[in-house]
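Asks: Structure in structure tokens, see below.
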Amino acid sequence: MALSDLLYPDNPKRRQELIHLHQELLDCMSTNFCATNELARVLNEHLGCTITHIQMRENSTVKENCDIIIQAMSEIQRQVQKIDSVMKEKLEPVLYQKLYDIKEPELEKIAIAHKVFSIILGEATSTAGMVAIKLLGSSLITLTVSKLVSLLVQIGASVLGGISITILGLGIEMILHAILGAVERNQLLTAVRSYEKHLAEFKAASEKYQRVIREVTSLVRQQVQ
């Protein structure tokens with residue numbers, strides 16, 4: 001038994017907590033990759049965007065994978081802003097204001113947006129206007145993406161960032177070495193608490209992000225049917 005385990009008998013339990021938290025982080029990141037790809041597919045298919053499909057890199061670190069998804073999310077933000085700019089340019093001021101007026105019927109807003117995309121794309125899908133209004137009319141996409149990007153930056157810059165996402169295939173001691181690095185074993189509790197804080201915030205923001213995307217994709221499926 002290691003000396004630190006004799007001095008700190010809760011260490012074995014904290015080791016397991018740390019490993020479990022790391023797996024939760026990876027699962028959450030994986031789900032966000034899938035959700036981001038689904039939203040990108042909808043934007044590409046219905047609004048003429050060209051957002052690149054992303055994939056987790058198993059041989060890379062947490063930070064490197066954070067950077068991948070940050071880039072994709074930032075591109076989605078740019079595309080939503082671009083859609084807004086196009087609407088503002090193509091529409092009369094009165095019609096443009098209608099898109100953001102909560103008192104205006106949604107069907108009328110969708111018809112306005114669809115007309116704009118029909119002009120831009122030559123022939124827009126029947127769901128183009130609905131997707132555009134859902135993205136523009138709700139600040140949730142912008143706010144949740146901004147929150148997630150901020151958290152991903154924090155995670156990437158923390159001690160977690162340098163950890164490979166494939167360490168779970170290694171032995172426990174190798175995992176601990178990768179996670180803690182220069183951190184002394186008697187600081188396991190601090191490491192666990194730090195991980196818990198990052199993960200709790202990240203999971204909450206991720207769930208909101210994924211829920212918004214499910215709403216958009218669900219509307220698309222209903223429209224197609």
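Chain labels A, B, ... are given in the sequence in which chains occur in the structure tokens; within each chain residues are numbered consecutively from 1, and ligands are likewise numbered from 1 in the order shown.
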Could you give me, as a VMD selection string, the residues within 10 Å of Phe117 (chain A), counting only C-alpha atoms and dropping anything in the same chain fewer than 5 positions from it?
Replies: chain A and resid 46 to 48 83 86 to 87 90 112 122 to 125 128 to 129 132
Asks: Figure out the distance between CA of Ser118 (chain A) and CA of Leu95 (chain A), please, to one decimal in Å.
Replies: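 Computing it gives 16.1 Å between the two atoms.
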Asks: From the set A:Glu196, A:Met29, A:Thr217, A:Thr127, which residue has the shortest atom-to-atom contact distance to Glu64 (chain A), counting only C-alpha atoms?
Replies: A:Met29
Asks: Just checking: using only C-alpha atoms, which residue out of A:Leu199, A:Ile120, A:Met73, A:Met130 ends up closest to Leu21 (chain A)?
Replies: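 The closest residue to Leu21 (chain A) is A:Leu199.
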Asks: So which residues touch Leu39 (chain A) within 8 Å, counting only C-alpha atoms, skipping near sequence neighbours fewer than 4 positions away, as an NGL selection string?
Replies: :A and (35 or 43 or 213 or 216-217)
Asks: Could those residues be written to a file, using all heavy atoms, as a PDB file, in the first residue's frame?
Replies:
ATOM      1  N   ALA A  35     -24.724  15.787 -31.255  1.00  0.00           N
ATOM      2  CA  ALA A  35     -25.741  16.836 -31.355  1.00  0.00           C
ATOM      3  C   ALA A  35     -25.302  17.949 -32.296  1.00  0.00           C
ATOM      4  O   ALA A  35     -26.089  18.457 -33.104  1.00  0.00           O
ATOM      5  CB  ALA A  35     -26.035  17.407 -29.961  1.00  0.00           C
ATOM      6  N   LEU A  43     -28.664  22.484 -40.835  1.00  0.00           N
ATOM      7  CA  LEU A  43     -28.290  23.768 -41.435  1.00  0.00           C
ATOM      8  C   LEU A  43     -27.773  23.593 -42.864  1.00  0.00           C
ATOM      9  O   LEU A  43     -28.108  24.386 -43.754  1.00  0.00           O
ATOM     10  CB  LEU A  43     -27.219  24.451 -40.576  1.00  0.00           C
ATOM     11  CG  LEU A  43     -27.678  24.979 -39.211  1.00  0.00           C
ATOM     12  CD1 LEU A  43     -26.478  25.404 -38.373  1.00  0.00           C
ATOM     13  CD2 LEU A  43     -28.634  26.131 -39.361  1.00  0.00           C
ATOM     14  N   ILE A 213     -31.402  21.493 -29.729  1.00  0.00           N
ATOM     15  CA  ILE A 213     -31.168  20.845 -31.021  1.00  0.00           C
ATOM     16  C   ILE A 213     -32.232  19.798 -31.301  1.00  0.00           C
ATOM     17  O   ILE A 213     -32.715  19.666 -32.434  1.00  0.00           O
ATOM     18  CB  ILE A 213     -29.756  20.216 -31.056  1.00  0.00           C
ATOM     19  CG1 ILE A 213     -28.709  21.333 -31.050  1.00  0.00           C
ATOM     20  CG2 ILE A 213     -29.569  19.334 -32.298  1.00  0.00           C
ATOM     21  CD1 ILE A 213     -27.280  20.844 -30.971  1.00  0.00           C
ATOM     22  N   VAL A 216     -35.309  21.481 -32.668  1.00  0.00           N
ATOM     23  CA  VAL A 216     -35.174  21.856 -34.081  1.00  0.00           C
ATOM     24  C   VAL A 216     -35.323  20.630 -34.984  1.00  0.00           C
ATOM     25  O   VAL A 216     -36.089  20.641 -35.946  1.00  0.00           O
ATOM     26  CB  VAL A 216     -33.813  22.540 -34.343  1.00  0.00           C
ATOM     27  CG1 VAL A 216     -33.612  22.791 -35.838  1.00  0.00           C
ATOM     28  CG2 VAL A 216     -33.717  23.846 -33.578  1.00  0.00           C
ATOM     29  N   THR A 217     -34.601  19.564 -34.661  1.00  0.00           N
ATOM     30  CA  THR A 217     -34.623  18.372 -35.511  1.00  0.00           C
ATOM     31  C   THR A 217     -35.979  17.681 -35.466  1.00  0.00           C
ATOM     32  O   THR A 217     -36.423  17.100 -36.453  1.00  0.00           O
ATOM     33  CB  THR A 217     -33.522  17.379 -35.103  1.00  0.00           C
ATOM     34  OG1 THR A 217     -33.640  17.069 -33.705  1.00  0.00           O
ATOM     35  CG2 THR A 217     -32.149  17.978 -35.349  1.00  0.00           C
TER      36      THR A 217
END
Asks: So, with only C-alpha atoms as the atoms that count, which of A:Val131, A:Val149, A:Val94, A:Ile51 lies closest to Leu219 (chain A)?
Replies: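 That would be A:Val131, the residue with the smallest distance to Leu219 (chain A).
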